[in-house]
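Undergrad: Got a structure for you, model.txt, holding compact mmCIF, C-alpha atoms and all ligand atoms.
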```txt
# COMPACT_ATOMS: atom_id res chain seq x y z
CA MET A 1 15.22 -20.30 7.65
CA ASP A 2 16.53 -18.91 10.92
CA PHE A 3 14.69 -15.75 11.97
CA SER A 4 16.76 -14.83 14.98
CA PHE A 5 18.71 -11.63 14.42
CA SER A 6 22.52 -11.49 14.23
CA PRO A 7 24.52 -8.95 16.34
CA GLN A 8 24.99 -6.82 13.17
CA GLU A 9 21.25 -6.85 12.56
CA GLU A 10 20.59 -5.83 16.16
CA GLU A 11 23.06 -2.96 15.64
CA PHE A 12 21.02 -1.91 12.62
CA ARG A 13 17.90 -1.95 14.84
CA GLN A 14 19.61 0.17 17.48
CA GLU A 15 20.82 2.69 14.90
CA LEU A 16 17.25 3.05 13.64
CA ARG A 17 15.83 3.32 17.17
CA ASP A 18 18.29 6.07 18.04
CA TRP A 19 17.49 7.91 14.83
CA LEU A 20 13.74 7.65 15.42
CA ALA A 21 14.12 8.94 18.96
CA ARG A 22 15.86 12.02 17.57
CA ASN A 23 13.78 12.60 14.45
CA LEU A 24 10.14 11.62 14.97
CA PRO A 25 7.82 14.66 15.08
CA ALA A 26 7.69 16.35 18.51
CA GLY A 27 5.53 14.45 21.02
CA TRP A 28 5.09 11.45 18.71
CA LEU A 29 6.83 8.93 20.95
CA GLU A 30 4.82 10.23 23.91
CA GLY A 31 1.57 9.42 22.08
CA GLN A 32 0.67 12.74 20.38
CA ARG A 33 0.23 11.16 17.00
CA SER A 34 -2.63 12.99 15.34
CA LEU A 35 -1.99 14.12 11.78
CA PRO A 36 -3.33 17.55 10.80
CA GLU A 37 -7.06 17.45 9.91
CA ASP A 38 -6.72 19.89 7.02
CA GLU A 39 -5.72 18.01 3.83
CA GLN A 40 -3.18 20.66 2.77
CA GLU A 41 -1.54 20.83 6.18
CA ARG A 42 -1.53 17.06 6.33
CA ALA A 43 0.26 16.88 2.96
CA ILE A 44 2.89 19.39 4.15
CA PHE A 45 3.39 17.41 7.37
CA LEU A 46 3.85 14.17 5.41
CA ARG A 47 6.14 15.77 2.83
CA ASN A 48 8.35 17.01 5.67
CA TRP A 49 8.37 13.55 7.25
CA GLN A 50 9.42 11.94 3.97
CA ARG A 51 12.17 14.54 3.59
CA THR A 52 13.39 13.75 7.11
CA LEU A 53 13.46 10.03 6.30
CA TYR A 54 15.31 10.72 3.07
CA GLU A 55 17.94 12.92 4.71
CA GLY A 56 18.53 10.23 7.32
CA ASN A 57 18.85 7.63 4.52
CA TRP A 58 15.80 5.80 5.87
CA ALA A 59 13.39 6.46 2.99
CA GLY A 60 14.27 3.49 0.81
CA VAL A 61 15.95 0.99 3.09
CA SER A 62 15.75 -1.94 0.68
CA TRP A 63 16.48 0.13 -2.43
CA PRO A 64 19.93 -0.49 -3.93
CA LYS A 65 22.61 2.02 -2.92
CA LYS A 66 23.12 3.10 -6.53
CA TYR A 67 19.57 4.47 -6.51
CA GLY A 68 20.05 6.30 -3.24
CA GLY A 69 18.72 3.54 -0.97
CA ARG A 70 20.39 1.85 1.96
CA GLY A 71 20.79 -1.51 0.20
CA ALA A 72 19.39 -3.29 3.27
CA SER A 73 18.96 -7.06 3.31
CA LEU A 74 15.48 -8.56 3.61
CA MET A 75 16.18 -9.23 7.31
CA GLU A 76 17.05 -5.57 7.83
CA GLU A 77 13.88 -4.66 5.99
CA VAL A 78 11.97 -6.84 8.49
CA ILE A 79 13.64 -4.99 11.37
CA TYR A 80 12.80 -1.67 9.73
CA GLN A 81 9.13 -2.62 9.44
CA GLN A 82 9.06 -3.87 13.05
CA GLU A 83 10.53 -0.65 14.39
CA MET A 84 8.33 1.63 12.28
CA ALA A 85 5.26 -0.30 13.48
CA ARG A 86 6.49 -0.16 17.09
CA VAL A 87 6.61 3.66 17.11
CA LYS A 88 3.55 3.92 14.81
CA ALA A 89 5.60 6.16 12.52
CA PRO A 90 3.68 8.60 10.29
CA PRO A 91 2.80 7.18 6.87
CA VAL A 92 5.11 7.81 3.91
CA LEU A 93 3.48 10.22 1.46
CA ASN A 94 5.16 8.84 -1.66
CA ILE A 95 4.45 5.26 -0.67
CA ILE A 96 3.22 4.38 -4.16
CA GLY A 97 6.42 5.75 -5.68
CA ILE A 98 8.77 4.13 -3.17
CA GLY A 99 6.93 0.84 -2.75
CA MET A 100 5.78 0.16 -6.29
CA ILE A 101 6.82 2.51 -9.06
CA GLY A 102 10.49 2.97 -8.16
CA PRO A 103 11.10 -0.81 -7.88
CA THR A 104 9.23 -1.43 -11.17
CA LEU A 105 11.28 1.23 -12.98
CA MET A 106 14.49 -0.29 -11.60
CA GLN A 107 13.33 -3.66 -12.92
CA MET A 108 11.88 -2.64 -16.28
CA GLY A 109 12.55 1.05 -16.99
CA THR A 110 15.07 2.42 -19.48
CA GLU A 111 18.32 3.93 -18.21
CA GLU A 112 16.91 7.38 -19.04
CA GLN A 113 13.75 6.73 -17.01
CA LYS A 114 15.79 5.50 -14.05
CA ALA A 115 18.04 8.56 -14.19
CA LYS A 116 15.13 10.96 -14.58
CA TYR A 117 12.67 9.63 -12.01
CA VAL A 118 13.99 7.16 -9.47
CA HIS A 119 15.98 9.47 -7.23
CA LYS A 120 13.20 12.08 -7.08
CA ILE A 121 10.76 9.38 -5.97
CA LEU A 122 12.91 8.65 -2.95
CA SER A 123 13.49 12.26 -1.99
CA GLY A 124 9.77 13.03 -2.35
CA GLU A 125 10.51 15.78 -4.88
CA GLU A 126 8.02 14.05 -7.17
CA ILE A 127 4.93 12.33 -5.84
CA TRP A 128 3.50 9.48 -7.91
CA CYS A 129 0.14 7.83 -8.31
CA GLN A 130 -0.98 4.61 -9.97
CA GLY A 131 -3.58 4.94 -12.74
CA TYR A 132 -4.90 1.40 -13.18
CA SER A 133 -8.56 1.15 -12.08
CA GLU A 134 -11.41 2.52 -14.16
CA PRO A 135 -15.17 2.62 -13.60
CA ASN A 136 -15.51 -0.67 -15.53
CA ALA A 137 -12.11 -2.19 -14.86
CA GLY A 138 -10.95 -3.13 -11.38
CA SER A 139 -10.56 -6.84 -10.70
CA ASP A 140 -10.82 -7.32 -14.44
CA LEU A 141 -8.02 -4.85 -15.05
CA ALA A 142 -7.44 -5.91 -18.65
CA ALA A 143 -10.88 -4.42 -19.47
CA ILE A 144 -9.46 -0.87 -19.31
CA GLN A 145 -10.86 1.49 -21.94
CA THR A 146 -8.63 4.55 -21.51
CA ARG A 147 -7.09 4.83 -24.93
CA ALA A 148 -3.72 6.14 -26.14
CA VAL A 149 -3.35 6.90 -29.84
CA ARG A 150 -0.08 7.79 -31.53
CA GLU A 151 -0.43 11.08 -33.41
CA LYS A 152 2.29 13.31 -34.81
CA GLY A 153 5.10 11.69 -32.84
CA ARG A 154 3.34 11.67 -29.49
CA TRP A 155 0.65 9.71 -27.65
CA VAL A 156 -2.74 11.32 -27.04
CA ILE A 157 -4.62 9.80 -24.10
CA ASN A 158 -8.36 9.94 -23.43
CA GLY A 159 -10.40 8.19 -20.73
CA GLN A 160 -11.08 8.02 -17.00
CA LYS A 161 -9.41 6.47 -13.98
CA VAL A 162 -10.92 6.02 -10.53
CA TRP A 163 -9.82 5.29 -6.92
CA THR A 164 -6.44 6.85 -7.70
CA SER A 165 -4.76 7.32 -4.33
CA TYR A 166 -2.86 10.61 -3.91
CA ALA A 167 -3.60 11.75 -7.50
CA HIS A 168 -4.53 15.19 -6.11
CA LEU A 169 -0.95 15.57 -4.85
CA ALA A 170 0.83 13.66 -7.60
CA ASP A 171 3.31 15.06 -10.08
CA ARG A 172 3.31 11.91 -12.21
CA CYS A 173 1.15 8.88 -12.85
CA PHE A 174 2.06 5.32 -13.81
CA LEU A 175 -0.85 4.88 -16.17
CA LEU A 176 -2.21 1.93 -18.16
CA ALA A 177 -3.89 2.70 -21.47
CA ARG A 178 -5.21 0.66 -24.36
CA THR A 179 -3.10 1.00 -27.48
CA ASP A 180 -4.60 -1.88 -29.48
CA SER A 181 -8.14 -3.28 -29.46
CA THR A 182 -7.77 -5.89 -32.16
CA GLY A 183 -6.36 -8.89 -30.24
CA LYS A 184 -6.86 -10.37 -26.78
CA LYS A 185 -7.60 -7.64 -24.26
CA HIS A 186 -4.38 -8.33 -22.26
CA GLU A 187 -2.29 -7.84 -25.35
CA GLY A 188 -3.20 -4.27 -26.29
CA ILE A 189 -2.18 -2.41 -23.13
CA THR A 190 0.79 -0.05 -22.69
CA ALA A 191 2.24 1.43 -19.47
CA PHE A 192 2.93 5.19 -19.63
CA LEU A 193 4.58 7.64 -17.25
CA VAL A 194 2.25 10.62 -17.45
CA ASP A 195 2.88 14.20 -16.33
CA MET A 196 -0.03 15.18 -14.05
CA HIS A 197 0.62 18.92 -14.48
CA GLN A 198 -0.85 19.29 -17.95
CA ALA A 199 -4.13 20.74 -19.20
CA GLY A 200 -5.44 17.32 -20.31
CA VAL A 201 -5.38 15.89 -16.77
CA GLN A 202 -8.07 16.79 -14.22
CA THR A 203 -8.49 15.19 -10.80
CA ARG A 204 -11.59 15.15 -8.60
CA PRO A 205 -11.35 13.97 -4.98
CA ILE A 206 -13.58 11.23 -3.56
CA HIS A 207 -14.84 11.73 -0.01
CA GLN A 208 -14.35 8.52 2.01
CA MET A 209 -16.34 7.21 4.97
CA SER A 210 -13.29 7.89 7.17
CA ASP A 211 -13.70 11.59 6.25
CA HIS A 212 -10.38 11.53 4.37
CA ARG A 213 -10.03 12.52 0.71
CA ASP A 214 -7.00 10.52 -0.40
CA PHE A 215 -8.75 9.01 -3.42
CA ASN A 216 -9.56 10.61 -6.75
CA GLU A 217 -11.08 10.27 -10.14
CA ILE A 218 -8.79 11.29 -13.00
CA PHE A 219 -10.19 12.60 -16.27
CA LEU A 220 -7.88 12.46 -19.28
CA THR A 221 -8.83 14.68 -22.22
CA ASP A 222 -6.19 14.71 -24.96
CA ALA A 223 -3.46 14.26 -22.33
CA VAL A 224 -0.04 13.78 -23.88
CA ALA A 225 2.83 11.33 -23.39
CA TYR A 226 5.87 10.51 -25.51
CA ASP A 227 7.67 7.35 -26.63
CA GLU A 228 10.27 7.83 -23.91
CA ASP A 229 7.45 7.69 -21.32
CA ILE A 230 6.59 4.07 -22.16
CA VAL A 231 7.73 1.38 -19.70
CA GLY A 232 8.56 -1.85 -21.53
CA GLN A 233 7.26 -2.02 -25.10
CA VAL A 234 4.08 -0.80 -26.77
CA ASN A 235 1.33 -3.40 -26.08
CA ASP A 236 3.54 -5.05 -23.44
CA GLY A 237 1.91 -3.20 -20.52
CA TRP A 238 0.18 -6.24 -19.01
CA ARG A 239 3.53 -7.82 -18.07
CA VAL A 240 4.72 -4.49 -16.63
CA SER A 241 1.48 -3.99 -14.69
CA ILE A 242 1.72 -7.43 -13.08
CA ALA A 243 5.31 -6.77 -11.98
CA LEU A 244 4.11 -3.59 -10.28
CA LEU A 245 1.18 -5.39 -8.63
CA MET A 246 3.58 -7.91 -7.06
CA HIS A 247 5.35 -5.02 -5.36
CA GLU A 248 1.98 -3.57 -4.30
CA ARG A 249 0.90 -6.81 -2.60
CA VAL A 250 4.22 -7.09 -0.79
CA GLY A 251 3.57 -3.57 0.51
CA VAL A 252 0.06 -4.32 1.79
CA ALA A 253 1.31 -7.59 3.30
CA ARG A 254 3.76 -5.59 5.45
CA GLN A 255 0.67 -4.59 7.34
CA VAL A 256 1.44 -7.78 9.27
CA PHE A 257 3.90 -5.79 11.42
CA ALA A 258 1.31 -3.18 12.30
CA LEU A 259 -0.98 -6.05 13.31
CA GLN A 260 1.47 -7.25 15.96
CA GLN A 261 1.50 -3.76 17.42
CA GLN A 262 -2.28 -3.45 17.19
CA PHE A 263 -2.63 -6.71 19.09
CA ASP A 264 -0.48 -5.34 21.93
CA ASP A 265 -2.58 -2.16 21.92
CA LEU A 266 -5.75 -4.23 22.02
CA VAL A 267 -4.51 -6.07 25.11
CA ALA A 268 -3.57 -2.74 26.73
CA MET A 269 -7.03 -1.36 25.96
CA SER A 270 -8.69 -4.48 27.44
CA LYS A 271 -6.78 -3.80 30.65
CA ALA A 272 -7.65 -0.11 30.73
CA LEU A 273 -11.39 -0.31 29.91
CA THR A 274 -13.71 -1.56 32.64
CA GLN A 275 -17.16 -3.06 32.86
CA LYS A 276 -18.98 -3.04 36.21
CA GLY A 277 -15.75 -1.88 37.79
CA ARG A 278 -13.62 -4.74 36.48
CA PRO A 279 -11.07 -4.59 33.62
CA LEU A 280 -12.45 -6.13 30.43
CA ILE A 281 -9.47 -8.45 30.24
CA GLU A 282 -10.87 -10.38 33.23
CA ASP A 283 -13.90 -11.40 31.19
CA PRO A 284 -13.36 -14.98 29.91
CA LEU A 285 -15.03 -14.20 26.57
CA VAL A 286 -12.66 -11.28 26.00
CA ARG A 287 -9.70 -13.44 26.98
CA ALA A 288 -10.77 -16.11 24.51
CA ARG A 289 -10.95 -13.58 21.66
CA LEU A 290 -7.56 -12.15 22.62
CA ALA A 291 -6.04 -15.64 22.59
CA ASP A 292 -7.58 -16.19 19.16
CA PHE A 293 -6.11 -12.92 17.85
CA TYR A 294 -2.74 -13.75 19.36
CA ALA A 295 -2.66 -17.07 17.48
CA LYS A 296 -3.80 -15.43 14.25
CA THR A 297 -1.39 -12.49 14.37
CA ARG A 298 1.55 -14.80 15.18
CA GLY A 299 0.44 -17.20 12.46
CA ALA A 300 0.25 -14.38 9.91
CA LEU A 301 3.74 -13.20 10.91
CA LEU A 302 5.29 -16.66 10.66
CA ASN A 303 3.63 -17.22 7.32
CA TYR A 304 5.03 -13.87 6.18
CA TYR A 305 8.52 -15.00 7.21
CA ARG A 306 8.08 -18.27 5.37
CA ASN A 307 7.06 -16.46 2.20
CA LEU A 308 9.93 -14.04 2.63
CA THR A 309 12.26 -17.03 2.44
CA GLN A 310 10.84 -17.83 -1.01
CA THR A 311 11.39 -14.22 -2.10
CA MET A 312 14.99 -14.35 -0.85
CA LYS A 313 15.64 -17.49 -2.88
CA ARG A 314 14.05 -16.12 -6.04
CA GLY A 315 15.16 -12.48 -5.77
CA VAL A 316 11.70 -11.14 -6.73
CA PRO A 317 8.30 -11.40 -5.00
CA GLY A 318 6.05 -14.25 -6.17
CA PRO A 319 2.40 -15.31 -5.76
CA GLU A 320 2.89 -15.98 -2.02
CA GLY A 321 2.53 -12.21 -1.54
CA SER A 322 -1.17 -12.77 -2.24
CA LEU A 323 -1.43 -15.10 0.73
CA ASP A 324 0.16 -12.53 3.03
CA LYS A 325 -1.96 -9.74 1.63
CA LEU A 326 -5.10 -11.82 2.10
CA ALA A 327 -4.26 -12.89 5.66
CA SER A 328 -3.10 -9.54 6.99
CA SER A 329 -5.88 -7.44 5.42
CA GLU A 330 -8.70 -9.74 6.55
CA LEU A 331 -7.23 -10.19 10.02
CA GLY A 332 -6.78 -6.41 10.34
CA LYS A 333 -10.44 -5.82 9.59
CA GLU A 334 -11.53 -8.49 12.09
CA MET A 335 -9.27 -7.31 14.90
CA LEU A 336 -9.92 -3.58 14.48
CA GLY A 337 -13.67 -4.27 14.33
CA TYR A 338 -13.43 -6.20 17.59
CA ALA A 339 -11.43 -3.36 19.19
CA VAL A 340 -14.17 -0.87 18.29
CA SER A 341 -16.94 -3.19 19.57
CA LEU A 342 -15.07 -3.67 22.88
CA GLN A 343 -15.57 0.04 23.52
CA GLY A 344 -19.33 -0.60 23.75
CA PRO A 345 -21.51 2.45 22.97
CA HIS A 346 -18.35 4.60 23.07
CA GLY A 347 -17.22 2.74 19.97
CA THR A 348 -19.62 4.90 17.97
CA LEU A 349 -17.77 8.07 18.99
CA TRP A 350 -15.44 9.71 16.54
CA LYS A 351 -12.10 11.52 16.47
CA GLU A 352 -11.23 13.42 19.67
CA ASP A 353 -14.43 12.27 21.45
CA ALA A 354 -13.41 8.62 21.15
CA TRP A 355 -10.85 6.45 22.96
CA VAL A 356 -7.27 7.47 21.93
CA ASP A 357 -8.57 10.18 19.57
CA GLY A 358 -10.56 7.70 17.48
CA GLN A 359 -7.47 5.87 16.20
CA TRP A 360 -9.30 2.52 16.38
CA GLN A 361 -12.34 3.87 14.51
CA ASP A 362 -10.12 5.42 11.84
CA GLY A 363 -8.10 2.22 11.47
CA TYR A 364 -11.25 0.09 11.31
CA MET A 365 -12.72 2.14 8.46
CA PHE A 366 -9.44 2.08 6.55
CA SER A 367 -9.12 -1.69 7.09
CA TYR A 368 -11.94 -2.32 4.59
CA GLY A 369 -9.94 -0.54 1.91
CA LEU A 370 -6.94 -2.81 2.46
CA THR A 371 -9.07 -5.86 1.61
CA ILE A 372 -9.82 -4.23 -1.77
CA ALA A 373 -6.70 -2.26 -2.77
CA GLY A 374 -4.10 -4.13 -4.82
CA GLY A 375 -6.67 -6.81 -5.69
CA THR A 376 -9.68 -7.81 -3.60
CA THR A 377 -9.83 -10.69 -1.15
CA GLU A 378 -11.71 -12.82 -3.70
CA ILE A 379 -9.06 -12.15 -6.35
CA GLN A 380 -6.26 -13.04 -3.89
CA LYS A 381 -8.09 -16.29 -3.11
CA ASN A 382 -8.19 -17.08 -6.81
CA ILE A 383 -4.44 -16.43 -7.11
CA VAL A 384 -3.69 -18.58 -4.06
CA ALA A 385 -5.90 -21.36 -5.44
CA GLU A 386 -4.45 -21.32 -8.93
CA ARG A 387 -0.84 -20.28 -8.51
CA ILE A 388 0.07 -21.66 -5.09
CA LEU A 389 -2.26 -24.63 -4.64
CA GLY A 390 -2.34 -25.53 -8.35
CA LEU A 391 -6.14 -25.81 -8.46
CA PRO A 392 -8.04 -25.43 -11.76
CA LYS A 393 -8.55 -21.92 -13.15
CA ASP A 394 -11.47 -19.68 -12.20
CA ILE A 395 -14.25 -20.50 -14.69
CA LYS A 396 -14.63 -16.84 -15.71
CA SER A 397 -10.97 -16.48 -16.69
C1 LIG B 401 -7.67 1.90 -0.32
C2 LIG B 401 -7.68 1.73 -1.82
C3 LIG B 401 -6.70 2.31 -2.59
C4 LIG B 401 -6.74 2.16 -3.97
N1 LIG B 401 -5.78 2.80 -4.70
C5 LIG B 401 -5.78 2.65 -6.05
C6 LIG B 401 -4.81 3.36 -6.84
O1 LIG B 401 -3.99 4.12 -6.32
N2 LIG B 401 -4.82 3.17 -8.17
C7 LIG B 401 -5.73 2.35 -8.80
O2 LIG B 401 -5.65 2.20 -10.01
N3 LIG B 401 -6.69 1.72 -8.09
C8 LIG B 401 -6.75 1.84 -6.74
N4 LIG B 401 -7.71 1.22 -5.99
C9 LIG B 401 -8.75 0.46 -6.68
C10 LIG B 401 -8.63 -1.05 -6.51
O3 LIG B 401 -7.53 -1.56 -7.20
C11 LIG B 401 -9.96 -1.65 -7.01
O4 LIG B 401 -10.99 -1.15 -6.19
C12 LIG B 401 -9.93 -3.15 -6.94
O5 LIG B 401 -9.05 -3.69 -7.89
C13 LIG B 401 -11.36 -3.75 -7.16
O6 LIG B 401 -11.91 -3.27 -8.31
P1 LIG B 401 -13.39 -2.65 -8.31
O7 LIG B 401 -13.47 -1.64 -7.23
O8 LIG B 401 -13.68 -2.21 -9.70
O9 LIG B 401 -14.34 -3.85 -7.89
P2 LIG B 401 -14.86 -5.02 -8.86
O10 LIG B 401 -13.72 -5.58 -9.62
O11 LIG B 401 -16.02 -4.54 -9.62
O12 LIG B 401 -15.32 -6.11 -7.79
C14 LIG B 401 -16.58 -6.06 -7.14
C15 LIG B 401 -16.71 -7.32 -6.29
O13 LIG B 401 -16.72 -8.49 -7.14
C16 LIG B 401 -15.69 -9.39 -6.74
N5 LIG B 401 -15.12 -10.07 -7.90
C17 LIG B 401 -14.69 -9.49 -9.05
N6 LIG B 401 -14.16 -10.41 -9.88
C18 LIG B 401 -14.24 -11.61 -9.24
C19 LIG B 401 -13.84 -12.96 -9.57
N7 LIG B 401 -13.24 -13.24 -10.74
N8 LIG B 401 -14.08 -13.93 -8.65
C20 LIG B 401 -14.67 -13.64 -7.47
N9 LIG B 401 -15.07 -12.40 -7.10
C21 LIG B 401 -14.85 -11.39 -7.98
C22 LIG B 401 -14.67 -8.54 -6.03
O14 LIG B 401 -13.90 -9.30 -5.12
C23 LIG B 401 -15.56 -7.50 -5.32
O15 LIG B 401 -16.03 -8.02 -4.12
C24 LIG B 401 -7.74 1.38 -4.62
C25 LIG B 401 -8.74 0.80 -3.83
C26 LIG B 401 -8.74 0.98 -2.45
C27 LIG B 401 -9.86 0.38 -1.65
```
Show me this structure written as structure tokens.
TA:
Amino acid sequence: MDFSFSPQEEEFRQELRDWLARNLPAGWLEGQRSLPEDEQERAIFLRNWQRTLYEGNWAGVSWPKKYGGRGASLMEEVIYQQEMARVKAPPVLNIIGIGMIGPTLMQMGTEEQKAKYVHKILSGEEIWCQGYSEPNAGSDLAAIQTRAVREKGRWVINGQKVWTSYAHLADRCFLLARTDSTGKKHEGITAFLVDMHQAGVQTRPIHQMSDHRDFNEIFLTDAVAYDEDIVGQVNDGWRVSIALLMHERVGVARQVFALQQQFDDLVAMSKALTQKGRPLIEDPLVRARLADFYAKTRGALLNYYRNLTQTMKRGVPGPEGSLDKLASSELGKEMLGYAVSLQGPHGTLWKEDAWVDGQWQDGYMFSYGLTIAGGTTEIQKNIVAERILGLPKDIKS
């Protein structure tokens, strides 16, 4: 397809640029981009940013208008991602709600669920988390052991989740639980919308190597949900969970836009840093790596566009999202690692002691997580092999 932008699309870009210039936090465009260190203050900062996006009608650009979104086309969504990456906009706090849970509810939720939850996801009034992974169920998600039992007209849930991003801030959780153990393990799972503010739900933060605490364990002890909190049918949760994962991979794949910006920043850093009085960019070995990263970042972007064309034709994301997720997450880790190593011994510095307040170090540590979240690199390779290349199935499965 043709990826040049029409005059109307360029108008959309300009409208967004003007809005960003007026509404980004003070000093952001000038490079003062540090988020508050304190977790509580950070959450308040991000809540305010989501509210600002929402009030400007920029929180859910591709969401349909009837759900409070802008109803943007996929091309406009591309422009949106480009511009947000260009200004390195603050992250969206309710990203799991906006990127994954809202779209899944629109696709598979009841009318009551849509009316009750979808709008509040966009406004940030309710923060959501995704309760899939467990200590013994990650890649093999169907092995979950958290159990929901129907008792006296309600569902009683017991078990443990782990790696649950933003659970410490969440009001609700999109949670998978086992409701039948008699058949195949994929067939006895149900998707619930669980209230996080109840006595049966406890969260415990996990301290990450980046010094952040965005992850949590969740302990469920006689937590309660009701029939109206089920998405899809009882024991139909596997199909629902896969639909949500498709949206998740599309989200991680959008990292491809940040990569273009990171490449430009890497070139700028190679010009600014010197070795024996000469800019690093004059070193032929550095130039060769930069050329390599240029080819890879452009390749990842063009591949993303090609896969977007498939999504446009089909109307929903397909297995190609795995290819984008794989390429952008692995390339991010490689490029950010190189950026840190280019700083020489200074690369070991941290936060305000390091080059540009340690943004490269922070990004490098987070880049490992992106090769795991939403399905690891190995799992994406299996999906690409089986569902795109048509190769035989993984022996284990
Ligand atoms: C940044 C981040 C955010 C996350 N947020 C959430 C969240 O909000 N909610 C949530 O539920 N989970 C979340 N997760 C958890 C994530 O989904 C799991 O970590 C992931 O699915 C891998 O599962 P695991 O950690 O149990 O590893 P395992 O599945 O135990 O895998 C261990 C290793 O074995 C490999 N492996 C496993 N199976 C195969 C196979 N068949 N073939 C080849 N290799 C294989 C894996 O690739 C990996 O290298 C998050 C993780 C990260 C890093």
Undergrad: Return as a compact mmCIF listing (two decimals) with C-alpha atoms, in the frame of the given file the residues of protein, DNA or RNA that approach ligand LIG 401 (chain B) to within 10 Å, with all atoms listed in the file taken into account.
TA:
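Writing the result to part28.txt gives the following:
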```
# COMPACT_ATOMS: atom_id res chain seq x y z
CA ILE A 96 3.22 4.38 -4.16
CA TRP A 128 3.50 9.48 -7.91
CA CYS A 129 0.14 7.83 -8.31
CA GLN A 130 -0.98 4.61 -9.97
CA GLY A 131 -3.58 4.94 -12.74
CA TYR A 132 -4.90 1.40 -13.18
CA SER A 133 -8.56 1.15 -12.08
CA GLU A 134 -11.41 2.52 -14.16
CA PRO A 135 -15.17 2.62 -13.60
CA ASN A 136 -15.51 -0.67 -15.53
CA ALA A 137 -12.11 -2.19 -14.86
CA GLY A 138 -10.95 -3.13 -11.38
CA SER A 139 -10.56 -6.84 -10.70
CA ASP A 140 -10.82 -7.32 -14.44
CA LEU A 141 -8.02 -4.85 -15.05
CA LYS A 161 -9.41 6.47 -13.98
CA VAL A 162 -10.92 6.02 -10.53
CA TRP A 163 -9.82 5.29 -6.92
CA THR A 164 -6.44 6.85 -7.70
CA SER A 165 -4.76 7.32 -4.33
CA TYR A 166 -2.86 10.61 -3.91
CA ALA A 167 -3.60 11.75 -7.50
CA CYS A 173 1.15 8.88 -12.85
CA PHE A 174 2.06 5.32 -13.81
CA LEU A 175 -0.85 4.88 -16.17
CA LEU A 176 -2.21 1.93 -18.16
CA GLN A 208 -14.35 8.52 2.01
CA ASP A 214 -7.00 10.52 -0.40
CA PHE A 215 -8.75 9.01 -3.42
CA ASN A 216 -9.56 10.61 -6.75
CA GLU A 217 -11.08 10.27 -10.14
CA LEU A 245 1.18 -5.39 -8.63
CA GLU A 248 1.98 -3.57 -4.30
CA PHE A 366 -9.44 2.08 6.55
CA SER A 367 -9.12 -1.69 7.09
CA TYR A 368 -11.94 -2.32 4.59
CA GLY A 369 -9.94 -0.54 1.91
CA LEU A 370 -6.94 -2.81 2.46
CA THR A 371 -9.07 -5.86 1.61
CA ILE A 372 -9.82 -4.23 -1.77
CA ALA A 373 -6.70 -2.26 -2.77
CA GLY A 374 -4.10 -4.13 -4.82
CA GLY A 375 -6.67 -6.81 -5.69
CA THR A 376 -9.68 -7.81 -3.60
CA THR A 377 -9.83 -10.69 -1.15
CA GLU A 378 -11.71 -12.82 -3.70
CA ILE A 379 -9.06 -12.15 -6.35
CA GLN A 380 -6.26 -13.04 -3.89
CA LYS A 381 -8.09 -16.29 -3.11
CA ASN A 382 -8.19 -17.08 -6.81
CA ASP A 394 -11.47 -19.68 -12.20
CA ILE A 395 -14.25 -20.50 -14.69
CA LYS A 396 -14.63 -16.84 -15.71
CA SER A 397 -10.97 -16.48 -16.69
```
Undergrad: Can you tell me, as a ChimeraX atom specification, what residues are no more than 12 Å from Phe12 in chain A when counting all atoms listed in the file, ignoring any on the same chain fewer than 2 positions away?
TA: /A:5-10,14-19,58,61,70,72-73,75-80,83
Undergrad: For CA of Lys296 in chain A and CA of Ala339 in chain A, quote the distance in Å rounded to one decimal.
TA: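 Going from CA of Lys296 in chain A over to CA of Ala339 in chain A covers 15.1 Å.
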Undergrad: Would you work out the distance separating CA of Gly159 in chain A from CA of Asn94 in chain A, expressed in Å to one decimal?
TA: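 Spanning CA of Gly159 in chain A to CA of Asn94 in chain A is a straight-line distance of 24.6 Å.
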Undergrad: Restricting the calculation to only C-alpha atoms: of A:Pro317, A:Gly99, A:Pro392, A:Pro64, which residue gets closest to Val252 in chain A?
TA: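 Of all the options, A:Gly99 lies closest to Val252 in chain A.
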Undergrad: For range 221-230 of chain A, I'd like the enclosing box, axis-aligned and padded by 3 Å on every side, reported as lines of an AutoDock Vina configuration file with centre and edge lengths in Å to one decimal.
TA:
```
center_x = 0.7
center_y = 9.4
center_z = -24.0
size_x = 25.1
size_y = 16.6
size_z = 11.3
```
Undergrad: Have a look at A:Leu285, A:Ile206, A:Val194, A:Leu308 and name the one nearest to His168 in chain A; count all atoms listed in the file.
TA: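 Under the stated criterion, the closest residue is A:Ile206.
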Undergrad: Any idea what the distance is between CA of Leu266 in chain A and CA of Gly299 in chain A?
TA: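 Going from CA of Leu266 in chain A over to CA of Gly299 in chain A covers 17.3 Å.
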Undergrad: Can you work out which one of A:Asp236, A:Glu30, A:Glu55, A:Asp362 has the shortest atom-to-atom distance to Leu349 in chain A, counting only C-alpha atoms?
TA: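 Checking each of A:Asp236, A:Glu30, A:Glu55, A:Asp362 against Leu349 in chain A, counting only C-alpha atoms, the winner is A:Asp362.
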Undergrad: Counting all atoms listed in the file, what is within 9 Å of Phe45 in chain A, bar same-chain residues fewer than 4 positions away, as number ranges by chain?
TA: A: 35-36, 40-41, 49-50
Undergrad: Pick out the closest residue to Ser329 in chain A from this set: A:Arg254, A:Lys276, A:Arg172, A:Arg289. Count all atoms listed in the file.
TA: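 Checking each candidate against Ser329 in chain A, we get A:Arg254 as the closest.
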Undergrad: Could you give me, as a ChimeraX atom specification, the residues that have an atom at most 10 Å away from the point (-3.5, -11.9, -22.8) in the coordinates of the file, using all atoms listed in the file?
TA: /A:142,183-189,236,238-239
